[in-house]
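The file upload.cif comes next; it holds mmCIF, C-alpha atoms.
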```
data_start
loop_
_atom_site.label_atom_id
_atom_site.label_comp_id
_atom_site.auth_asym_id
_atom_site.auth_seq_id
_atom_site.Cartn_x
_atom_site.Cartn_y
_atom_site.Cartn_z
CA MET A 248 275.29 -102.72 208.33
CA SER A 249 276.99 -105.36 210.42
CA GLU A 250 277.85 -108.59 208.62
CA ARG A 251 277.19 -110.72 211.72
CA ARG A 252 275.34 -113.98 211.22
CA GLY A 253 273.46 -116.32 213.59
CA PRO A 254 271.05 -115.32 216.39
CA ILE A 255 272.94 -112.17 217.39
CA GLY A 256 273.10 -111.01 213.79
CA ARG A 257 269.37 -111.58 213.33
CA VAL A 258 268.57 -109.55 216.43
CA LEU A 259 270.79 -106.70 215.24
CA ARG A 260 269.10 -106.73 211.84
CA GLN A 261 265.65 -106.63 213.43
CA VAL A 262 266.69 -103.66 215.55
CA ALA A 263 268.04 -102.00 212.42
CA ALA A 264 264.73 -102.69 210.65
CA MET A 265 262.93 -100.76 213.39
CA ILE A 266 265.30 -97.83 212.92
CA VAL A 267 264.97 -98.03 209.13
CA ALA A 268 261.21 -97.74 209.49
CA LEU A 269 261.51 -94.30 211.01
CA PRO A 270 262.89 -92.40 207.98
CA LEU A 271 260.82 -94.52 205.60
CA ALA A 272 257.59 -93.71 207.40
CA ALA A 273 258.24 -90.04 208.03
CA ASP A 274 256.33 -87.46 205.97
CA ALA A 275 259.25 -85.04 206.11
CA PHE A 276 261.20 -83.41 203.33
CA ALA A 277 264.38 -82.29 204.98
CA GLY A 278 267.67 -82.98 203.29
CA SER A 279 271.07 -81.68 202.28
CA LEU A 280 271.76 -79.80 199.07
CA PRO A 281 272.58 -81.99 196.05
CA ALA A 282 276.15 -82.59 194.98
CA THR A 283 277.82 -80.27 192.51
CA GLY A 284 278.89 -83.23 190.40
CA GLY A 285 282.07 -85.09 189.51
CA ALA A 286 283.70 -88.47 189.92
CA ALA A 287 283.28 -90.64 193.00
CA VAL A 288 285.47 -93.42 194.32
CA VAL A 289 283.35 -96.45 195.21
CA THR A 290 284.60 -99.67 196.77
CA ALA A 291 282.87 -103.01 196.28
CA ARG A 292 282.79 -106.03 198.56
CA PRO A 293 281.49 -109.24 196.94
CA ILE A 294 278.36 -111.05 198.08
CA VAL A 295 278.95 -114.74 197.40
CA ASP A 296 275.80 -116.29 198.88
CA PHE A 297 272.41 -114.63 198.55
CA HIS A 298 271.01 -116.79 201.36
CA PRO A 299 273.93 -117.23 203.80
CA SER A 300 272.25 -120.10 205.61
CA GLU A 301 272.36 -122.05 202.33
CA PRO A 302 275.92 -121.50 201.07
CA GLY A 303 276.42 -122.44 197.46
CA ARG A 304 272.75 -122.25 196.51
CA ARG A 305 272.27 -120.50 193.19
CA ARG A 306 268.70 -121.23 192.04
CA PHE A 307 265.76 -119.52 193.65
CA GLY A 308 262.77 -120.57 191.61
CA ASP A 309 263.04 -118.98 188.17
CA LEU A 310 266.02 -116.88 189.25
CA GLU A 311 269.68 -117.83 189.21
CA PHE A 312 271.79 -115.76 191.58
CA LEU A 313 274.85 -114.46 189.72
CA GLY A 314 276.36 -112.53 192.62
CA GLY A 315 276.24 -109.24 194.40
CA LEU A 316 278.24 -106.33 195.72
CA VAL A 317 278.10 -104.12 198.79
CA LEU A 318 279.03 -100.64 197.56
CA SER A 319 280.46 -97.88 199.73
CA SER A 320 282.01 -94.46 199.20
CA SER A 321 283.22 -91.48 201.18
CA GLU A 322 281.46 -89.27 198.61
CA SER A 323 278.31 -88.00 200.32
CA ALA A 324 276.39 -87.95 197.03
CA PHE A 325 276.75 -91.72 196.66
CA GLN A 326 273.83 -92.68 198.85
CA SER A 327 270.06 -93.22 198.78
CA LEU A 328 269.88 -94.86 195.33
CA SER A 329 266.15 -94.97 194.60
CA ALA A 330 265.79 -96.41 191.08
CA LEU A 331 267.83 -98.05 188.35
CA VAL A 332 268.09 -98.40 184.58
CA SER A 333 270.71 -100.25 182.58
CA ARG A 334 272.17 -99.61 179.15
CA ASP A 335 274.77 -101.34 176.96
CA SER A 336 273.67 -104.87 177.95
CA GLY A 337 273.93 -103.97 181.61
CA ARG A 338 277.44 -102.53 181.47
CA THR A 339 276.19 -99.01 182.22
CA LEU A 340 273.92 -98.39 185.19
CA VAL A 341 272.17 -95.11 185.96
CA SER A 342 270.36 -94.27 189.17
CA VAL A 343 268.69 -91.29 190.80
CA THR A 344 268.64 -90.52 194.51
CA ASP A 345 266.08 -89.04 196.83
CA GLU A 346 268.52 -86.19 197.37
CA GLY A 347 268.14 -85.09 193.75
CA THR A 348 271.33 -86.58 192.31
CA TRP A 349 272.21 -88.62 189.25
CA VAL A 350 274.56 -91.56 189.81
CA GLY A 351 276.12 -93.32 186.84
CA LEU A 352 278.55 -96.21 186.95
CA ARG A 353 280.05 -98.96 184.88
CA LEU A 354 279.55 -102.48 186.19
CA ASP A 355 282.44 -104.89 185.67
CA THR A 356 281.35 -108.51 185.20
CA ASP A 357 282.88 -111.78 184.10
CA GLU A 358 281.71 -113.72 181.03
CA ALA A 359 278.93 -115.36 183.04
CA GLY A 360 277.54 -111.99 184.10
CA ARG A 361 278.73 -112.20 187.70
CA PRO A 362 279.44 -108.71 189.12
CA LEU A 363 283.09 -108.08 189.97
CA GLY A 364 283.19 -104.38 190.78
CA VAL A 365 282.25 -100.90 189.63
CA ALA A 366 284.20 -98.20 187.84
CA ALA A 367 283.74 -94.77 186.23
CA VAL A 368 281.32 -93.57 188.88
CA ASP A 369 279.91 -90.09 188.23
CA VAL A 370 277.47 -88.02 190.28
CA ALA A 371 275.65 -84.85 189.24
CA PRO A 372 272.62 -82.87 190.44
CA LEU A 373 269.30 -83.25 188.67
CA LEU A 374 268.44 -79.99 186.93
CA ASP A 375 265.22 -78.03 186.64
CA ALA A 376 263.82 -76.45 183.47
CA ALA A 377 266.28 -73.57 183.80
CA GLY A 378 269.26 -75.92 184.05
CA LYS A 379 269.78 -75.33 187.77
CA PRO A 380 269.73 -77.81 190.69
CA PHE A 381 266.44 -78.02 192.55
CA PRO A 382 266.67 -75.83 195.66
CA THR A 383 264.50 -77.89 198.03
CA LYS A 384 264.08 -81.53 199.01
CA TRP A 385 260.35 -81.22 198.20
CA ALA A 386 261.24 -80.44 194.59
CA ARG A 387 264.13 -82.88 194.02
CA ASP A 388 263.09 -86.12 195.76
CA ALA A 389 263.59 -88.50 192.80
CA GLU A 390 262.15 -91.99 193.32
CA SER A 391 261.69 -93.64 189.91
CA LEU A 392 263.47 -93.83 186.58
CA ALA A 393 262.94 -95.27 183.08
CA PHE A 394 264.53 -95.01 179.64
CA ARG A 395 262.27 -94.21 176.70
CA PRO A 396 263.53 -94.37 173.11
CA THR A 397 262.75 -91.42 170.83
CA PRO A 398 263.25 -90.81 167.09
CA THR A 399 266.39 -88.81 167.91
CA GLY A 400 267.83 -91.13 170.56
CA GLY A 401 266.10 -91.33 173.89
CA GLU A 402 265.26 -89.75 177.20
CA LEU A 403 265.48 -90.64 180.86
CA LEU A 404 262.17 -90.17 182.65
CA VAL A 405 262.33 -89.33 186.36
CA GLY A 406 259.43 -89.61 188.78
CA PHE A 407 259.44 -87.37 191.85
CA GLU A 408 257.51 -87.42 195.12
CA GLY A 409 256.74 -84.52 197.40
CA HIS A 410 256.12 -82.37 194.35
CA HIS A 411 254.60 -85.29 192.41
CA ARG A 412 255.51 -85.13 188.72
CA VAL A 413 257.49 -86.77 185.91
CA LEU A 414 260.29 -84.96 184.10
CA ALA A 415 262.16 -85.98 180.94
CA TYR A 416 265.91 -85.56 180.39
CA THR A 417 267.21 -85.85 176.83
CA VAL A 418 269.87 -88.46 176.04
CA THR A 419 272.07 -87.38 173.14
CA GLY A 420 274.64 -90.19 173.20
CA ASP A 421 275.84 -91.99 176.28
CA ALA A 422 273.15 -92.23 178.95
CA ARG A 423 275.12 -89.85 181.14
CA SER A 424 274.56 -87.05 178.62
CA ALA A 425 271.20 -86.63 180.38
CA PHE A 426 273.07 -85.50 183.51
CA HIS A 427 273.59 -82.08 181.91
CA ALA A 428 270.11 -81.70 180.41
CA PRO A 429 267.31 -79.56 181.88
CA GLY A 430 264.19 -81.39 183.00
CA ARG A 431 260.93 -80.83 181.14
CA PRO A 432 257.42 -82.05 182.02
CA VAL A 433 256.26 -85.28 180.38
CA ALA A 434 253.17 -84.83 178.26
CA GLY A 435 250.18 -86.90 179.31
CA ALA A 436 251.20 -87.46 182.92
CA PRO A 437 247.93 -87.92 184.84
CA ARG A 438 246.78 -85.08 187.04
CA GLU A 439 245.65 -87.61 189.63
CA ILE A 440 249.22 -88.18 190.79
CA ALA A 441 248.87 -84.92 192.69
CA SER A 442 246.54 -86.76 195.11
CA LEU A 443 249.30 -89.13 196.24
CA ARG A 444 250.52 -88.73 199.80
CA GLY A 445 253.67 -86.71 200.49
CA ASN A 446 256.36 -89.40 200.46
CA ARG A 447 254.25 -92.20 198.97
CA GLY A 448 254.61 -91.10 195.37
CA LEU A 449 255.68 -92.54 192.04
CA GLU A 450 258.07 -95.34 192.95
CA GLY A 451 257.83 -97.16 189.62
CA LEU A 452 258.20 -95.96 186.02
CA ALA A 453 258.41 -98.42 183.14
CA VAL A 454 258.20 -98.15 179.36
CA ALA A 455 256.63 -101.12 177.55
CA PRO A 456 258.75 -102.63 174.73
CA PRO A 457 257.45 -102.42 171.16
CA ASN A 458 255.49 -105.37 169.77
CA THR A 459 254.01 -106.14 173.20
CA PRO A 460 250.43 -105.58 174.40
CA LEU A 461 251.20 -102.11 175.84
CA ALA A 462 253.58 -101.22 172.96
CA GLY A 463 255.51 -98.15 174.10
CA ALA A 464 253.13 -97.05 176.86
CA LEU A 465 254.52 -95.41 179.99
CA LEU A 466 253.44 -97.07 183.23
CA LEU A 467 253.44 -95.06 186.47
CA LEU A 468 253.06 -96.98 189.75
CA ALA A 469 252.45 -95.44 193.14
CA GLU A 470 254.22 -96.76 196.22
CA GLU A 471 251.00 -97.22 198.18
CA PRO A 472 247.23 -96.84 197.64
CA ARG A 473 245.73 -93.39 197.51
CA PRO A 474 243.63 -92.29 200.50
CA GLY A 475 240.43 -94.30 200.60
CA GLU A 476 241.67 -97.01 198.20
CA ALA A 477 242.89 -100.55 198.92
CA ASP A 478 245.22 -101.16 195.96
CA GLN A 479 248.14 -99.35 194.39
CA PRO A 480 247.24 -97.28 191.31
CA ALA A 481 249.07 -97.89 188.03
CA TRP A 482 248.48 -95.32 185.30
CA ILE A 483 248.99 -96.45 181.70
CA VAL A 484 249.91 -93.41 179.59
CA GLY A 485 249.79 -93.79 175.80
CA GLY A 486 249.92 -97.05 173.90
CA PRO A 487 246.94 -99.12 172.71
CA ARG A 488 245.10 -99.33 176.05
CA PRO A 489 245.65 -96.26 178.25
CA GLY A 490 243.84 -95.81 181.54
CA LEU A 491 244.02 -96.64 185.23
CA ALA A 492 244.87 -100.13 186.48
CA HIS A 493 245.65 -101.32 190.00
CA LEU A 494 248.14 -103.63 191.65
CA ALA A 495 246.52 -105.58 194.46
CA ARG A 496 248.30 -104.88 197.72
CA ARG A 497 249.04 -108.00 199.75
CA ASP A 498 251.00 -108.75 202.94
CA HIS A 499 251.85 -105.08 203.63
CA TYR A 500 254.12 -104.83 200.58
CA ALA A 501 254.57 -101.48 198.81
CA VAL A 502 255.92 -100.79 195.32
CA THR A 503 259.54 -99.59 195.06
CA ASP A 504 260.29 -100.06 191.33
CA ALA A 505 259.10 -101.75 188.14
CA ALA A 506 260.46 -102.80 184.76
CA PHE A 507 259.12 -104.59 181.70
CA LEU A 508 260.61 -107.81 180.40
CA PRO A 509 261.22 -108.10 176.63
CA THR A 510 258.05 -110.23 176.44
CA GLY A 511 255.92 -107.40 177.82
CA ASP A 512 255.45 -109.04 181.20
CA LEU A 513 255.88 -106.63 184.08
CA LEU A 514 258.25 -107.09 187.03
CA VAL A 515 257.41 -105.18 190.22
CA LEU A 516 259.88 -104.80 193.07
CA GLN A 517 258.22 -104.49 196.46
CA ARG A 518 259.26 -103.76 200.04
CA ARG A 519 257.68 -104.07 203.45
CA PHE A 520 258.90 -102.99 206.87
CA GLY A 521 257.66 -102.73 210.41
CA VAL A 522 258.62 -103.34 214.02
CA ARG A 523 256.95 -106.77 214.05
CA ILE A 524 257.54 -107.92 210.49
CA GLY A 525 261.02 -106.47 209.99
CA LEU A 526 262.27 -105.61 206.51
CA GLY A 527 261.52 -107.69 203.45
CA MET A 528 261.60 -107.57 199.67
CA ARG A 529 259.54 -109.31 197.03
CA LEU A 530 259.73 -109.55 193.24
CA VAL A 531 256.44 -110.14 191.41
CA ARG A 532 255.84 -110.99 187.75
CA ILE A 533 252.60 -109.93 186.03
CA ALA A 534 251.58 -111.30 182.63
CA ALA A 535 251.47 -108.71 179.85
CA ALA A 536 247.84 -109.52 179.05
CA ASP A 537 246.81 -108.73 182.65
CA VAL A 538 248.13 -105.14 182.69
CA ARG A 539 245.05 -103.28 181.52
CA PRO A 540 242.70 -100.54 182.77
CA GLY A 541 240.01 -101.50 185.22
CA ARG A 542 241.81 -104.51 186.65
CA ALA A 543 243.51 -105.15 189.98
CA VAL A 544 246.20 -107.78 189.39
CA GLU A 545 248.39 -109.74 191.80
CA GLY A 546 250.91 -111.55 189.62
CA ARG A 547 253.19 -114.40 190.61
CA VAL A 548 255.88 -114.10 193.28
CA LEU A 549 259.32 -114.86 191.82
CA LEU A 550 261.32 -114.14 194.95
CA GLU A 551 260.74 -113.17 198.56
CA ALA A 552 263.48 -112.48 201.11
CA ASP A 553 263.96 -110.93 204.54
CA TRP A 554 266.83 -109.87 206.82
CA GLY A 555 268.17 -113.42 206.85
CA TRP A 556 269.14 -112.90 203.21
CA GLU A 557 271.60 -110.48 201.62
CA ILE A 558 269.17 -107.62 201.14
CA ASP A 559 268.63 -104.12 202.44
CA ASN A 560 266.01 -101.51 201.54
CA MET A 561 265.67 -102.69 197.91
CA GLU A 562 264.41 -99.85 195.70
CA GLY A 563 265.90 -100.17 192.21
CA LEU A 564 265.28 -102.74 189.45
CA ALA A 565 266.74 -102.88 185.93
CA VAL A 566 266.25 -105.44 183.14
CA ASP A 567 268.75 -106.02 180.36
CA THR A 568 269.63 -108.65 177.79
CA ALA A 569 273.00 -110.40 178.08
CA PRO A 570 275.14 -111.09 174.99
CA ASP A 571 273.93 -114.71 175.06
CA GLY A 572 270.31 -113.53 174.85
CA SER A 573 269.36 -114.32 178.45
CA THR A 574 267.54 -111.80 180.64
CA ILE A 575 269.49 -110.27 183.52
CA LEU A 576 267.93 -108.49 186.50
CA THR A 577 269.90 -105.99 188.58
CA LEU A 578 268.59 -104.76 191.93
CA VAL A 579 269.97 -102.03 194.17
CA SER A 580 269.12 -100.79 197.66
CA ASP A 581 268.59 -97.34 199.14
CA ASP A 582 270.68 -96.92 202.30
CA ASN A 583 268.82 -93.72 203.29
CA GLY A 584 272.22 -92.15 203.99
CA ASN A 585 272.44 -94.19 207.20
CA TRP A 586 275.66 -95.75 208.48
CA PHE A 587 273.79 -98.88 209.60
CA GLN A 588 272.34 -99.61 206.16
CA ARG A 589 274.06 -100.78 202.99
CA THR A 590 274.00 -100.09 199.27
CA VAL A 591 273.50 -103.63 197.99
CA LEU A 592 273.64 -104.54 194.30
CA LEU A 593 272.32 -107.96 193.27
CA ARG A 594 272.32 -109.70 189.87
CA PHE A 595 270.11 -112.57 188.73
CA ARG A 596 269.53 -114.46 185.48
CA LEU A 597 265.87 -115.14 184.72
CA HIS A 598 265.11 -118.65 183.49
CA ASP A 599 261.94 -117.78 181.67
CA ARG A 600 258.67 -119.39 182.62
CA ARG A 601 255.56 -117.37 181.87
CA PRO A 602 253.07 -116.66 184.67
#
```
What is this file in structure tokens?
Amino acid sequence: MSERRGPIGRVLRQVAAMIVALPLAADAFAGSLPATGGAAVVTARPIVDFHPSEPGRRRFGDLEFLGGLVLSSSESAFQSLSALVSRDSGRTLVSVTDEGTWVGLRLDTDEAGRPLGVAAVDVAPLLDAAGKPFPTKWARDAESLAFRPTPTGGELLVGFEGHHRVLAYTVTGDARSAFHAPGRPVAGAPREIASLRGNRGLEGLAVAPPNTPLAGALLLLAEEPRPGEADQPAWIVGGPRPGLAHLARRDHYAVTDAAFLPTGDLLVLQRRFGVRIGLGMRLVRIAAADVRPGRAVEGRVLLEADWGWEIDNMEGLAVDTAPDGSTILTLVSDDNGNWFQRTVLLRFRLHDRRP
């Protein structure tokens, strides 16, 4: 994506938004075969100002902008990052792509948590129950990701669209150990997810922290409402209050990821796009007590940005706790494998104020 600013830059970004809308809106499942795996060389260009028209601004409501990176690589597997989880206080990031690939990397930061670069980047194909890469785009289109602790360690849960389902990959040590594990179905996943539209599937997976109102429940959020419904479904699987909740859809925004805060409050990353409205992102916070079956909640907007800001097609959100105890949010974009889009990584510190 061009780094031009001013009127010409805004026009170019609006044109790009129109082009972006085409692959995002298409109900097609064509794609290249996943990578065979290995290391990837990724370069990082710093993002100094989140809102370039306000250089030096760091506070955006409850969020403090720590910095960002534009990531690029000649490795074809390093593209289309669709979700994000963090481990080791945010030092290890794991993503999945809509081409059926794992991406793991180490994020280098300074003492304040500002991102400096990435290292130790690995890519590997997601595996089926037989330990083999998925043969078709319909089967491997991974869109959501969450870590769930288990008595023996943990597992990475991956939500797919096209063939709508959730698979679990066992973590036996480092998070990247899941890259070599076969996928197995997650018990209790609702059958209703099969009614989601082709490429409007499970964009958000989140596991509620212990000692919070949902206490270990798995939350599954659809990108858009099901046919005939007005709001986005959110299935609560397990925990003390399982059932179907809804996220009220407003201003044409769709869900692209979700993560719980340590308090049990839910963060939802959203995106909208269109020829008239361009491309935008929004981050919404929902109080823990409001996430319950039978309710359609809206939450409070923490952040909203458009092409005039340093964003792209934002699809991944991870929450971690810094060594000083503060909460850090990391966001990443899906470049759809297009030369005119960017893989943007953004980091924020949350200055906590309950909804």
Place a sphere of radius 12 Å on (247.1, -112.8, 181.0) in the file coordinates and name every protein, DNA or RNA residue with an atom inside or on its surface, counting all atoms listed in the file; give the answer as a ChimeraX atom specification. /A:460,511-513,532-539,542,544-547,601-602
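The environment of Gly351 of chain A within 7 Å, counting only C-alpha atoms and disregarding residues fewer than 4 places along the same chain, consists of Leu340, Val341, Ser342, Val368, Asp369, Val370 and Arg423 of chain A.
Residue nearest Leu465 of chain A within the list A:Gly303, A:Gly584, A:Pro396, A:Gly364: A:Pro396 [criterion: smallest interatomic distance, all atoms listed in the file].
Residues matching the PyMOL selection byres ((chain A and resi 363) around 9) in this structure come to Ala291, Arg292, Pro293, Gly314, Gly315, Leu316, Leu354, Asp355, Thr356, Asp357, Gly360, Arg361, Pro362, Gly364 and Val365 of chain A.
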Could you turn the residues from that selection into a file that holds C-alpha atoms, as a PDB file, in the coordinates of the input?
```pdb
ATOM      1  CA  ALA A 291     282.870-103.010 196.280  1.00  0.00           C
ATOM      2  CA  ARG A 292     282.790-106.030 198.560  1.00  0.00           C
ATOM      3  CA  PRO A 293     281.490-109.240 196.940  1.00  0.00           C
ATOM      4  CA  GLY A 314     276.360-112.530 192.620  1.00  0.00           C
ATOM      5  CA  GLY A 315     276.240-109.240 194.400  1.00  0.00           C
ATOM      6  CA  LEU A 316     278.240-106.330 195.720  1.00  0.00           C
ATOM      7  CA  LEU A 354     279.550-102.480 186.190  1.00  0.00           C
ATOM      8  CA  ASP A 355     282.440-104.890 185.670  1.00  0.00           C
ATOM      9  CA  THR A 356     281.350-108.510 185.200  1.00  0.00           C
ATOM     10  CA  ASP A 357     282.880-111.780 184.100  1.00  0.00           C
ATOM     11  CA  GLY A 360     277.540-111.990 184.100  1.00  0.00           C
ATOM     12  CA  ARG A 361     278.730-112.200 187.700  1.00  0.00           C
ATOM     13  CA  PRO A 362     279.440-108.710 189.120  1.00  0.00           C
ATOM     14  CA  GLY A 364     283.190-104.380 190.780  1.00  0.00           C
ATOM     15  CA  VAL A 365     282.250-100.900 189.630  1.00  0.00           C
TER      16      VAL A 365
END
```
Residue IDs satisfying the PyMOL selection byres ((chain A and resi 300) around 9), as a ChimeraX atom specification: /A:252-253,296-299,301-302,555-556
What's around Ala389 of chain A at 7 Å? Count all atoms listed in the file, leave out sequence neighbours fewer than 5 positions away in its own chain, and write the answer as a VMD selection string. chain A and resid 343 to 345 347 405 to 408
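Closest to Ala436 of chain A among A:Ile524, A:Ala501, A:Gly490, A:Gln326 is A:Gly490, based on all atoms listed in the file.
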